[in-house]
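So the structure is just underneath, and the comments pick up after that.
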Amino acid sequence: MAQKIYTPKVIADPVYGIFDIRPMLPMVETEEFQSLGEKKQLGLAHFIFPSATHTRKAHSLGAYNATKELADLWLGLGLINGSQAKALSAYALYHDIGHPAFSHVTEELCAKDNDEMGAELIEKLAGPIEATGADPEAVLKLARHEDPLYLAVHDKNIGMEKLDYLERDGLNTILSRPAGIDYLRKHIYFVNGELMIDEKVVDNAIEVQNFYLKMYKNVYLRKASVIAQRMLQKTVYHSILSGELSADDLGGLTDGELIGIVRTSENPVAQTLYDHFKRRDLFREAITLRHKDFVDSYNPTGKSIAVIGLDTKEMEKLIDSKLNPKNQKDMESLEQRIAELSGIPFEEILAVPVFNAWRFKSRDIKVYSEHGDHLSLMERFPAHFKNLEEISRSYAAFRICTTEKHRDKLSDKTLAKKVLDLLFASVG
């Protein structure tokens, strides 16, 4: 009788080329993982970049491949053992399994964040995980960030999933990728419970941080994108208020399933917003609050926008305030008061804060030394981090938006000043 040969089950990927996922098929062939194929990685970025339709599934498969290669490297160097390598690969594949529909757009409306929901699903899917040869308990500890090895996947600077989405997002939006990212991946180590980079890839790590800020400006916090996100978020929130769905539903819905619910909403605010949203008739920026050092360079086209400069303390107070997507009630209260002050219908006022500002703060990176004196990038290049901070500050903005027909009215300087006073009265 001929011996059965288990041929590779290959994936053709635009980032890594061809790689084999056969060892992970029990995890891949679950409903929960397959649903990631119906959730866009970049939320609503395809409104601006038509090719940005890649999914959480594609990203998760890419993160798995990159993590497996890193784990094999560490195994060869004696930094981890075989069971740790298997657990890391499994965690990488499932690291995003808890993301709700449209990811970060609706996560703020969920009762739990994506990491919590992901850990619960990983606990539920212990059988498929074990079928790949990985220890479900070890994978769960990584998902809960109880084992520092999770940094191999989830480090905010050089984790494999971070590098994957940075490259994948870049290729699908601005047609670019960080220089030397492949070389960097091969020179990341795990020492004393920390991620470190080899001395020879310091320049590559700096390039990755610079590229992230480039994506921050041009993609992740692009004005049209964050306005579209906030429009959808408010639409979903009002559908929740009407009892047409619950916050607990969001984690299990795909993008298409969520749109199917909100498009039939009977809530008048949700109806108005979705009517604009489906036609890509996005609300327009009328009042913008940003750091005073960057006011003069903004609005070069002379559109009807009242640009108000704030000092560092005021800007930080605003960003760190309760006026954020997690606190929809206070956001709604502010919008209602602006509507009353301006005479513009409430459903045509939209406050757009900085989405997930914490995600864009640059983190330090340790540089490995065989002598044990592991310095960091920040210690070596403090000016680099100061520059990153300044650039990041230049992008941050809190916007008050409305429909085109009300833009001139809301951007009136006298009214804009009253809105500013109202806003800071709200944050205390």
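If you're wondering about the labels, chains in the structure tokens are A, B, ... by order shown, residues count from 1 in each chain, ligands from 1 in order shown.
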Residues near Arg399 in chain A, cut-off 7 Å, only C-alpha atoms, skip fewer than 6 positions along chain, as a ChimeraX atom specification: /A:285,287-289,351-353
Export of prior selection with N, CA and C atoms as a short mmCIF file (atom, residue, chain, number, x, y, z; two decimals), in the first residue's frame:
data_model
loop_
_atom_site.label_atom_id
_atom_site.label_comp_id
_atom_site.auth_asym_id
_atom_site.auth_seq_id
_atom_site.Cartn_x
_atom_site.Cartn_y
_atom_site.Cartn_z
N GLU A 285 -15.68 68.97 7.46
CA GLU A 285 -15.01 69.62 8.58
C GLU A 285 -15.38 71.10 8.60
N ILE A 287 -15.14 73.00 12.04
CA ILE A 287 -14.30 73.54 13.11
C ILE A 287 -13.23 72.51 13.43
N THR A 288 -11.99 72.96 13.47
CA THR A 288 -10.87 72.06 13.78
C THR A 288 -10.04 72.64 14.91
N LEU A 289 -9.79 71.82 15.91
CA LEU A 289 -8.93 72.19 17.03
C LEU A 289 -7.65 71.38 16.90
N ALA A 351 -19.22 65.24 16.10
CA ALA A 351 -17.95 65.49 16.77
C ALA A 351 -17.01 64.33 16.45
N VAL A 352 -15.81 64.65 15.98
CA VAL A 352 -14.85 63.62 15.55
C VAL A 352 -13.56 63.77 16.35
N PRO A 353 -13.40 63.01 17.42
CA PRO A 353 -12.17 63.08 18.21
C PRO A 353 -11.05 62.31 17.53
#
task: Identify, on the basis of only C-alpha atoms, every residue whose closest approach to Leu44 in chain A does not exceed 8 Å; exclude the query and any residue fewer than 3 positions from it along the same chain; express the result as an MDAnalysis selection string.
output: chainID A and resid 40 47 102 225 228:229
Same residues, C-alpha atoms, saved as an mmCIF file, in the first residue's frame:
data_model
loop_
_atom_site.group_PDB
_atom_site.id
_atom_site.type_symbol
_atom_site.label_atom_id
_atom_site.label_comp_id
_atom_site.auth_asym_id
_atom_site.auth_seq_id
_atom_site.Cartn_x
_atom_site.Cartn_y
_atom_site.Cartn_z
ATOM 1 C CA LYS A 40 -11.829 44.568 6.473
ATOM 2 C CA PHE A 47 -13.582 54.988 0.867
ATOM 3 C CA PHE A 102 -15.273 47.132 11.012
ATOM 4 C CA SER A 225 -11.460 58.215 6.800
ATOM 5 C CA ALA A 228 -16.547 58.186 7.719
ATOM 6 C CA GLN A 229 -15.674 56.021 10.728
#
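Contact shell of Lys417 in chain A at 12 Å (only C-alpha atoms; same-chain neighbours under 2 positions omitted): Ile287, Thr288, Leu289, Ala306, Val307, Ile308, Gly309, Ile338, Leu341, Ser342, Leu410, Ser411, Asp412, Lys413, Thr414, Leu415, Val419, Leu420, Asp421, Leu422, Leu423 and Phe424 of chain A.
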For Leu163 in chain A: contacts at 10 Å, only C-alpha atoms, fewer than 5 positions along chain excluded, given as a PyMOL selection string: chain A and resi 62-63+66+153-158+168-169+177-178+181-182+184-185+208+212
Give me a file of those residues, with C-alpha atoms, as a PDB file, in the first residue's frame.
ATOM      1  CA  GLY A  62       0.475  36.783   7.279  1.00  0.00           C
ATOM      2  CA  ALA A  63       1.153  37.316  10.982  1.00  0.00           C
ATOM      3  CA  ALA A  66       6.042  35.830   9.999  1.00  0.00           C
ATOM      4  CA  VAL A 153       3.343  38.913  18.030  1.00  0.00           C
ATOM      5  CA  HIS A 154       1.879  41.957  19.737  1.00  0.00           C
ATOM      6  CA  ASP A 155       4.715  44.363  20.529  1.00  0.00           C
ATOM      7  CA  LYS A 156       3.655  47.877  19.490  1.00  0.00           C
ATOM      8  CA  ASN A 157       6.949  48.518  17.690  1.00  0.00           C
ATOM      9  CA  ILE A 158       8.307  45.311  16.219  1.00  0.00           C
ATOM     10  CA  ARG A 168       0.234  45.048   4.113  1.00  0.00           C
ATOM     11  CA  ASP A 169      -1.616  48.311   4.747  1.00  0.00           C
ATOM     12  CA  ARG A 177       6.521  49.533   2.434  1.00  0.00           C
ATOM     13  CA  PRO A 178       9.176  50.200   5.093  1.00  0.00           C
ATOM     14  CA  ILE A 181      11.569  45.323   6.882  1.00  0.00           C
ATOM     15  CA  ASP A 182      12.478  41.767   5.782  1.00  0.00           C
ATOM     16  CA  LEU A 184      14.611  43.584  10.418  1.00  0.00           C
ATOM     17  CA  ARG A 185      12.368  40.541  10.939  1.00  0.00           C
ATOM     18  CA  VAL A 208       9.724  51.378  10.491  1.00  0.00           C
ATOM     19  CA  TYR A 212       4.306  54.256  10.806  1.00  0.00           C
TER      20      TYR A 212
END
- prompt: Can you list, as a PyMOL selection string, every residue of range 120-244 of chain A that DSSP puts in strand (DSSP E or B)?
  reply: chain A and resi 188-191+194-197
For those residues, write C-alpha atoms to a file as a short mmCIF file (atom, residue, chain, number, x, y, z; two decimals), in the first residue's frame.
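File result29.cif, as written:
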data_model
loop_
_atom_site.label_atom_id
_atom_site.label_comp_id
_atom_site.auth_asym_id
_atom_site.auth_seq_id
_atom_site.Cartn_x
_atom_site.Cartn_y
_atom_site.Cartn_z
CA ILE A 188 14.74 40.42 16.42
CA TYR A 189 15.54 38.46 19.60
CA PHE A 190 13.83 37.51 22.87
CA VAL A 191 16.17 38.10 25.81
CA GLU A 194 12.04 41.43 26.31
CA LEU A 195 12.20 41.93 22.57
CA MET A 196 15.48 43.32 21.33
CA ILE A 197 16.94 44.09 17.95
#
- line: Restricting to only C-alpha atoms, whichever of A:Tyr6, A:Tyr395, A:Tyr183, A:Tyr91 is closest to Ala134 in chain A is A:Tyr91
query: Near Ile18 in chain A, within 12 Å and counting only C-alpha atoms, which residues show up once chain neighbours fewer than 2 positions away are dropped, as a ChimeraX atom specification?
result: /A:8-16,20-21,61-62,65
Nearest to Pro50 in chain A, chosen from A:Ile174, A:Ile400, A:Ala138, A:Ile227, with only C-alpha atoms counted in the distances: A:Ile174
Shortest interatomic distance to Glu207 in chain A - which of A:Leu282, A:Glu108, A:His384, A:Leu142, counting only C-alpha atoms: A:His384
task: For Gly127 in chain A, please output as a VMD selection string all residues within 9 Å (counting only C-alpha atoms; exclusion window: fewer than 2 positions along the same chain).
output: chain A and resid 26 to 27 124 to 125 129 to 131 136
